[in-house]
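Raw my_file_13.txt, compact mmCIF, C-alpha atoms and all ligand atoms:
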```txt
# COMPACT_ATOMS: atom_id res chain seq x y z
CA MET D 1 0.22 -7.24 24.15
CA ILE D 2 3.95 -8.07 24.27
CA LYS D 3 4.83 -11.74 23.81
CA THR D 4 8.25 -12.58 25.24
CA LEU D 5 10.22 -15.36 23.61
CA SER D 6 13.15 -17.07 25.25
CA THR D 7 15.78 -16.45 22.55
CA TYR D 8 16.42 -14.24 19.53
CA LYS D 9 16.47 -17.42 17.43
CA GLU D 10 12.96 -18.27 18.60
CA LEU D 11 11.81 -14.70 17.91
CA CYS D 12 13.05 -15.01 14.32
CA SER D 13 11.55 -18.45 13.90
CA VAL D 14 8.09 -17.30 15.09
CA VAL D 15 8.14 -14.31 12.72
CA ALA D 16 9.45 -16.51 9.89
CA ASP D 17 6.41 -18.77 10.39
CA ILE D 18 4.15 -15.74 9.91
CA VAL D 19 6.02 -14.69 6.75
CA GLU D 20 5.93 -18.26 5.43
CA HIS D 21 2.18 -18.37 5.88
CA THR D 22 1.79 -14.96 4.19
CA LEU D 23 3.77 -16.16 1.17
CA THR D 24 1.10 -18.80 0.53
CA LEU D 25 -1.50 -16.08 -0.15
CA PRO D 26 -2.20 -15.12 -3.77
CA LYS D 27 0.19 -12.27 -4.78
CA PRO D 28 1.34 -11.47 -1.25
CA LYS D 29 2.42 -7.93 -0.40
CA LEU D 30 4.88 -7.35 2.41
CA VAL D 31 6.46 -4.33 4.08
CA LEU D 32 9.95 -5.06 5.38
CA PRO D 33 12.42 -3.50 7.83
CA THR D 34 16.21 -3.31 7.93
CA GLY D 35 18.51 -2.91 10.95
CA SER D 36 20.05 -5.49 13.27
CA THR D 37 16.80 -7.07 14.42
CA PRO D 38 15.64 -8.74 11.18
CA ILE D 39 19.05 -10.11 10.15
CA SER D 40 18.45 -13.64 11.50
CA LEU D 41 14.84 -13.52 10.33
CA TYR D 42 16.09 -13.07 6.76
CA LYS D 43 18.66 -15.83 7.28
CA GLU D 44 15.92 -18.15 8.49
CA LEU D 45 13.69 -17.26 5.53
CA VAL D 46 16.53 -17.94 3.08
CA ASN D 47 17.14 -21.31 4.75
CA ARG D 48 13.48 -22.24 4.38
CA ASP D 49 13.79 -21.96 0.60
CA LEU D 50 10.34 -20.44 0.11
CA ASP D 51 8.74 -19.35 -3.17
CA TRP D 52 8.93 -15.54 -3.47
CA SER D 53 8.06 -15.43 -7.18
CA THR D 54 4.62 -13.85 -6.73
CA THR D 55 5.57 -11.63 -3.79
CA THR D 56 5.84 -7.85 -3.87
CA THR D 57 7.71 -6.00 -1.12
CA PHE D 58 8.12 -2.42 0.03
CA ASN D 59 10.85 -1.37 2.39
CA LEU D 60 9.93 0.91 5.24
CA ASP D 61 12.67 3.40 4.68
CA GLU D 62 15.93 4.37 3.02
CA TYR D 63 18.62 6.86 3.87
CA VAL D 64 19.12 9.84 1.60
CA ILE D 65 22.22 8.16 0.21
CA ASN D 66 23.46 6.60 -3.03
CA PRO D 67 21.37 3.38 -3.37
CA ASN D 68 24.56 1.45 -4.13
CA HIS D 69 26.33 2.64 -0.97
CA PRO D 70 27.20 -0.47 1.11
CA GLN D 71 25.16 0.89 4.05
CA SER D 72 22.09 1.78 2.00
CA TYR D 73 19.03 -0.24 2.88
CA ASN D 74 18.86 -1.28 -0.76
CA SER D 75 22.30 -2.93 -0.38
CA PHE D 76 21.31 -4.41 2.99
CA MET D 77 18.20 -6.07 1.59
CA LYS D 78 19.98 -7.47 -1.44
CA LYS D 79 22.71 -8.93 0.72
CA HIS D 80 20.45 -10.46 3.37
CA LEU D 81 17.39 -11.47 1.34
CA PHE D 82 16.67 -10.35 -2.20
CA ASP D 83 19.76 -11.77 -3.87
CA ARG D 84 19.23 -15.06 -2.06
CA VAL D 85 15.57 -15.83 -2.85
CA ASN D 86 13.54 -15.99 -6.08
CA ILE D 87 11.91 -12.56 -5.80
CA TYR D 88 11.81 -10.56 -9.06
CA PRO D 89 13.86 -7.34 -8.88
CA ASP D 90 10.87 -5.45 -10.31
CA ASN D 91 8.84 -6.59 -7.34
CA TYR D 92 10.87 -5.07 -4.52
CA HIS D 93 10.60 -1.37 -3.85
CA PHE D 94 12.40 1.28 -1.84
CA PRO D 95 11.31 4.84 -1.11
CA PHE D 96 14.18 6.42 -3.05
CA ARG D 97 11.92 9.37 -3.75
CA PRO D 98 8.74 10.16 -1.83
CA THR D 99 6.57 10.21 -4.92
CA GLU D 100 2.84 9.73 -4.87
CA ALA D 101 3.38 6.84 -7.26
CA TYR D 102 5.32 5.00 -4.56
CA GLU D 103 2.68 5.76 -1.96
CA ASP D 104 -0.09 4.62 -4.31
CA LYS D 105 1.49 1.20 -4.76
CA ILE D 106 1.54 0.54 -1.01
CA LYS D 107 -2.01 -0.69 -0.88
CA GLU D 108 -3.53 -3.91 0.46
CA ILE D 109 -0.43 -4.86 2.45
CA ASP D 110 -0.90 -8.35 3.88
CA LEU D 111 1.91 -8.13 6.42
CA CYS D 112 4.07 -5.29 7.70
CA ILE D 113 7.10 -6.22 9.82
CA LEU D 114 8.56 -3.51 12.03
CA GLY D 115 11.46 -2.96 14.39
CA ILE D 116 11.48 -0.24 17.04
CA GLY D 117 14.09 2.45 17.71
CA THR D 118 15.25 3.21 21.25
CA ASN D 119 13.32 6.50 20.96
CA GLY D 120 10.13 4.68 19.95
CA HIS D 121 10.39 5.32 16.22
CA ILE D 122 8.93 2.87 13.72
CA ALA D 123 10.44 3.04 10.25
CA PHE D 124 12.02 6.51 10.46
CA ASN D 125 8.94 8.12 11.94
CA GLU D 126 10.75 9.97 14.69
CA PRO D 127 8.97 11.36 17.79
CA GLY D 128 6.55 14.07 16.74
CA SER D 129 5.54 12.35 13.49
CA THR D 130 1.83 12.72 12.89
CA ILE D 131 -0.46 9.71 12.97
CA ASP D 132 -1.68 10.34 9.42
CA SER D 133 1.83 10.88 7.96
CA ARG D 134 2.73 9.48 4.53
CA THR D 135 5.97 8.66 2.71
CA ARG D 136 8.26 11.67 3.02
CA VAL D 137 11.77 12.96 3.65
CA VAL D 138 12.61 13.27 7.36
CA ASP D 139 15.50 14.56 9.44
CA LEU D 140 16.89 11.80 11.63
CA SER D 141 16.97 12.51 15.36
CA GLU D 142 20.31 12.79 17.16
CA GLN D 143 19.56 9.57 19.01
CA THR D 144 18.89 7.67 15.78
CA ILE D 145 22.09 9.05 14.23
CA ARG D 146 23.99 7.91 17.35
CA ASP D 147 22.29 4.48 17.36
CA ASN D 148 23.02 3.92 13.65
CA SER D 149 26.62 5.16 13.79
CA ARG D 150 27.64 1.56 14.56
CA PHE D 151 27.17 0.77 10.85
CA PHE D 152 29.39 3.65 9.62
CA PRO D 153 33.12 4.46 9.98
CA THR D 154 32.36 7.60 12.02
CA ILE D 155 29.24 9.33 13.28
CA ASP D 156 29.80 12.08 10.69
CA ASP D 157 29.28 9.51 7.94
CA VAL D 158 25.72 8.68 9.07
CA PRO D 159 23.17 10.27 6.71
CA LYS D 160 21.18 13.01 8.43
CA GLN D 161 18.05 12.43 6.40
CA ALA D 162 15.96 9.49 5.25
CA ILE D 163 12.79 8.79 3.32
CA THR D 164 10.27 6.89 5.37
CA MET D 165 6.88 5.33 4.95
CA GLY D 166 4.47 7.27 7.16
CA LEU D 167 2.56 6.14 10.22
CA GLY D 168 -0.73 6.49 8.34
CA THR D 169 0.54 4.20 5.59
CA ILE D 170 1.88 1.60 8.04
CA MET D 171 -1.42 1.54 9.94
CA GLU D 172 -3.31 0.59 6.75
CA SER D 173 -1.53 -2.81 6.66
CA LYS D 174 -3.87 -5.72 7.29
CA LYS D 175 -1.48 -7.28 9.81
CA ILE D 176 1.51 -5.81 11.66
CA VAL D 177 4.29 -7.67 13.49
CA LEU D 178 6.76 -5.71 15.60
CA MET D 179 10.05 -7.42 16.53
CA ALA D 180 12.26 -6.18 19.35
CA ASN D 181 15.45 -7.82 20.54
CA GLY D 182 17.63 -6.88 23.48
CA GLU D 183 17.13 -5.45 26.95
CA HIS D 184 17.89 -1.95 25.65
CA LYS D 185 14.51 -2.12 23.83
CA LEU D 186 12.42 -3.29 26.79
CA ASN D 187 11.73 0.06 28.38
CA ILE D 188 10.60 1.81 25.18
CA LEU D 189 8.57 -1.26 24.20
CA ASN D 190 6.67 -1.11 27.49
CA VAL D 191 6.12 2.63 27.16
CA ALA D 192 4.87 2.18 23.58
CA MET D 193 2.56 -0.75 24.20
CA ASN D 194 1.28 -0.03 27.71
CA GLY D 195 1.52 3.76 27.96
CA GLU D 196 -0.43 6.59 26.45
CA VAL D 197 -0.91 6.70 22.66
CA THR D 198 1.08 9.78 21.73
CA GLU D 199 3.01 11.19 18.79
CA ASP D 200 5.97 11.54 21.18
CA VAL D 201 6.25 7.72 21.04
CA PRO D 202 5.41 6.83 17.42
CA ALA D 203 5.17 3.06 18.08
CA SER D 204 2.36 3.69 20.59
CA ILE D 205 0.01 4.25 17.65
CA LEU D 206 0.10 0.49 17.10
CA GLN D 207 -2.20 0.13 20.10
CA ASN D 208 -4.92 1.40 17.75
CA HIS D 209 -4.37 -1.33 15.14
CA LYS D 210 -6.72 -4.30 15.28
CA ASN D 211 -4.25 -6.95 14.12
CA VAL D 212 -0.82 -6.35 15.63
CA LYS D 213 1.56 -8.78 17.29
CA VAL D 214 4.57 -7.69 19.31
CA TYR D 215 7.41 -10.13 19.96
CA TYR D 216 10.35 -9.51 22.27
CA SER D 217 13.45 -11.49 23.20
CA ASP D 218 16.20 -10.28 25.56
C1 LIG S 1 14.71 0.23 9.66
C2 LIG S 1 13.64 0.69 10.54
C3 LIG S 1 13.97 1.15 11.92
C4 LIG S 1 14.55 0.01 12.76
C5 LIG S 1 14.85 0.46 14.18
C6 LIG S 1 15.50 -0.64 14.99
O1 LIG S 1 14.19 -0.15 8.41
O2 LIG S 1 12.51 0.71 10.13
O3 LIG S 1 12.81 1.66 12.54
O4 LIG S 1 13.63 -1.05 12.78
O5 LIG S 1 15.69 1.58 14.15
O6 LIG S 1 16.75 -0.93 14.45
P1 LIG S 1 17.60 -2.17 14.95
O7 LIG S 1 16.91 -3.40 14.54
O8 LIG S 1 18.93 -2.00 14.27
O9 LIG S 1 17.70 -2.04 16.44
```

Full structure transcribed into structure tokens:
Amino acid sequence: MIKTLSTYKELCSVVADIVEHTLTLPKPKLVLPTGSTPISLYKELVNRDLDWSTTTTFNLDEYVINPNHPQSYNSFMKKHLFDRVNIYPDNYHFPFRPTEAYEDKIKEIDLCILGIGTNGHIAFNEPGSTIDSRTRVVDLSEQTIRDNSRFFPTIDDVPKQAITMGLGTIMESKKIVLMANGEHKLNILNVAMNGEVTEDVPASILQNHKNVKVYYSD
């Protein structure tokens, strides 16, 4: 189930090919991640100069934070992708509030791209999240706060809560691609993809999806 690629560059190029193909569909709908892993994917997509004018996107998650904070996922996406391609600002969406209206729009997703946390989370569905969960406010685990402290001046500055798309919502996507980069992800990736499907390892639920691809580079 896990396809290993020789370099991070190749990982991003393979996923960029999938995004490029998806953008040729009529009114494509994408779900997008933030974090370190997709940074070169977004760079590659910007370099390809694709047409995003009919595309709608939904981000997987957002901290409970001012949307204009430099470390908000809203700021991240603008910096790495949205301000650099021809997507309409009305067409990209963040879960600033877990309203039903947001949830209702996330329908008929053509492609959902995911990263994986070292504790097996996808989006901010931390261990223990239920398989039918929907967009909601969550408390971040201590491990996630530690992992994400690299983006903040001190660990105390890391938000303790986020709003995340749920596992149930993610699983309704027509196609899912999970990207993992770095040896520190290998163990959890193996547990998630080859171990038992359990809410203790949220990414393991992907084993139940009929169209999922998992790409890894070390
Ligand atoms: C972020 C997200 C998270 C990250 C995961 C891996 O939008 O959904 O699940 O994908 O924490 O983060 P990185 O890529 O920084 O290792």

Compute the distance from (18.0, 10.6, 3.7) to each atom, counting all atoms listed in the file, keep the residues with any atom at most 7 Å away, and return them as a ChimeraX atom specification; use the coordinates of the file.
/D:62-65,137,159-163

Show me which residues sit within 10 Å of ligand LIG 1 (chain S) when counting all atoms listed in the file, and put them as an mmCIF file with C-alpha atoms, in the frame of the given file.
```cif
data_model
loop_
_atom_site.group_PDB
_atom_site.id
_atom_site.type_symbol
_atom_site.label_atom_id
_atom_site.label_comp_id
_atom_site.auth_asym_id
_atom_site.auth_seq_id
_atom_site.Cartn_x
_atom_site.Cartn_y
_atom_site.Cartn_z
ATOM 1 C CA VAL D 31 6.460 -4.330 4.080
ATOM 2 C CA LEU D 32 9.950 -5.060 5.380
ATOM 3 C CA PRO D 33 12.420 -3.500 7.830
ATOM 4 C CA THR D 34 16.210 -3.310 7.930
ATOM 5 C CA GLY D 35 18.510 -2.910 10.950
ATOM 6 C CA SER D 36 20.050 -5.490 13.270
ATOM 7 C CA THR D 37 16.800 -7.070 14.420
ATOM 8 C CA PRO D 38 15.640 -8.740 11.180
ATOM 9 C CA ILE D 39 19.050 -10.110 10.150
ATOM 10 C CA ASN D 59 10.850 -1.370 2.390
ATOM 11 C CA LEU D 60 9.930 0.910 5.240
ATOM 12 C CA ASP D 61 12.670 3.400 4.680
ATOM 13 C CA GLU D 62 15.930 4.370 3.020
ATOM 14 C CA TYR D 63 18.620 6.860 3.870
ATOM 15 C CA TYR D 73 19.030 -0.240 2.880
ATOM 16 C CA PHE D 76 21.310 -4.410 2.990
ATOM 17 C CA MET D 77 18.200 -6.070 1.590
ATOM 18 C CA ILE D 113 7.100 -6.220 9.820
ATOM 19 C CA LEU D 114 8.560 -3.510 12.030
ATOM 20 C CA GLY D 115 11.460 -2.960 14.390
ATOM 21 C CA ILE D 116 11.480 -0.240 17.040
ATOM 22 C CA GLY D 117 14.090 2.450 17.710
ATOM 23 C CA THR D 118 15.250 3.210 21.250
ATOM 24 C CA ASN D 119 13.320 6.500 20.960
ATOM 25 C CA GLY D 120 10.130 4.680 19.950
ATOM 26 C CA HIS D 121 10.390 5.320 16.220
ATOM 27 C CA ILE D 122 8.930 2.870 13.720
ATOM 28 C CA ALA D 123 10.440 3.040 10.250
ATOM 29 C CA PHE D 124 12.020 6.510 10.460
ATOM 30 C CA ASN D 125 8.940 8.120 11.940
ATOM 31 C CA GLU D 126 10.750 9.970 14.690
ATOM 32 C CA THR D 144 18.890 7.670 15.780
ATOM 33 C CA ILE D 145 22.090 9.050 14.230
ATOM 34 C CA ASP D 147 22.290 4.480 17.360
ATOM 35 C CA ASN D 148 23.020 3.920 13.650
ATOM 36 C CA ARG D 150 27.640 1.560 14.560
ATOM 37 C CA PHE D 151 27.170 0.770 10.850
ATOM 38 C CA THR D 164 10.270 6.890 5.370
ATOM 39 C CA MET D 165 6.880 5.330 4.950
ATOM 40 C CA LEU D 178 6.760 -5.710 15.600
ATOM 41 C CA MET D 179 10.050 -7.420 16.530
ATOM 42 C CA ALA D 180 12.260 -6.180 19.350
ATOM 43 C CA ASN D 181 15.450 -7.820 20.540
ATOM 44 C CA GLY D 182 17.630 -6.880 23.480
ATOM 45 C CA HIS D 184 17.890 -1.950 25.650
ATOM 46 C CA LYS D 185 14.510 -2.120 23.830
ATOM 47 C CA ALA D 203 5.170 3.060 18.080
#
```

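Shortest separation to Arg134 (chain D) among D:Met171, D:Cys112, D:Leu23, D:Val201 occurs at residue D:Met171, atoms counted being only C-alpha atoms.
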
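Here CA of Phe96 (chain D) is placed at a distance of 15.9 Å from CA of Leu140 (chain D).
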
Using only C-alpha atoms for the distances, tell me which of D:Thr135, D:Lys29, D:Pro127, D:Lys78 is nearest to Glu100 (chain D).
D:Thr135

Neighbourhood query: residues within 12 Å of (0.7, -14.6, 9.8), file coordinates, counting all atoms listed in the file; return as number ranges by chain.
D: 14-25, 28, 30, 110-113, 174-177, 211-213

Those residues with C-alpha atoms, as a CSV table (one decimal), in the coordinates of the input please?
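Output file part_1.csv follows:
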```csv
chain,number,residue,atom,x,y,z
D,14,VAL,CA,8.1,-17.3,15.1
D,15,VAL,CA,8.1,-14.3,12.7
D,16,ALA,CA,9.4,-16.5,9.9
D,17,ASP,CA,6.4,-18.8,10.4
D,18,ILE,CA,4.2,-15.7,9.9
D,19,VAL,CA,6.0,-14.7,6.8
D,20,GLU,CA,5.9,-18.3,5.4
D,21,HIS,CA,2.2,-18.4,5.9
D,22,THR,CA,1.8,-15.0,4.2
D,23,LEU,CA,3.8,-16.2,1.2
D,24,THR,CA,1.1,-18.8,0.5
D,25,LEU,CA,-1.5,-16.1,-0.2
D,28,PRO,CA,1.3,-11.5,-1.2
D,30,LEU,CA,4.9,-7.4,2.4
D,110,ASP,CA,-0.9,-8.4,3.9
D,111,LEU,CA,1.9,-8.1,6.4
D,112,CYS,CA,4.1,-5.3,7.7
D,113,ILE,CA,7.1,-6.2,9.8
D,174,LYS,CA,-3.9,-5.7,7.3
D,175,LYS,CA,-1.5,-7.3,9.8
D,176,ILE,CA,1.5,-5.8,11.7
D,177,VAL,CA,4.3,-7.7,13.5
D,211,ASN,CA,-4.2,-7.0,14.1
D,212,VAL,CA,-0.8,-6.4,15.6
D,213,LYS,CA,1.6,-8.8,17.3
```

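Those residues that approach Glu172 (chain D) to within 9 Å, counting all atoms listed in the file, are Lys107, Glu108, Ile109, Leu167, Gly168, Thr169, Lys175 and His209 of chain D; same-chain residues fewer than 3 positions away are not listed.
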
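Picture a line from CA of Asp139 (chain D) to CA of Pro153 (chain D); it runs 20.3 Å.
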
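Taking CA of Asn91 (chain D) and CA of Tyr42 (chain D) as endpoints, the distance between them is 17.1 Å.
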
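Distances from D:Pro70, D:Met1, D:Tyr92, D:Thr7 to Gly195 (chain D) were compared using all atoms listed in the file, and the smallest one belongs to D:Met1.
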
Please determine, counting all atoms listed in the file, which residue among D:Ile2, D:Leu186, D:Cys12, D:Ile131 has the shortest atom-to-atom distance to Thr198 (chain D).
D:Ile131

Smallest atom-to-atom distance to Pro67 (chain D): which of D:Phe94, D:Phe82, D:Thr55, D:Ser204, using all atoms listed in the file?
D:Phe94

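Nearest residue to Ile205 (chain D), choosing from D:Ser133, D:Asn86, D:Asn47, D:Gln143 and counting all atoms listed in the file: D:Ser133.
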
What's the 10 Å shell around Glu183 (chain D), counting all atoms listed in the file, without same-chain residues fewer than 6 positions away, as a PyMOL selection string?
chain D and resi 189+216-218
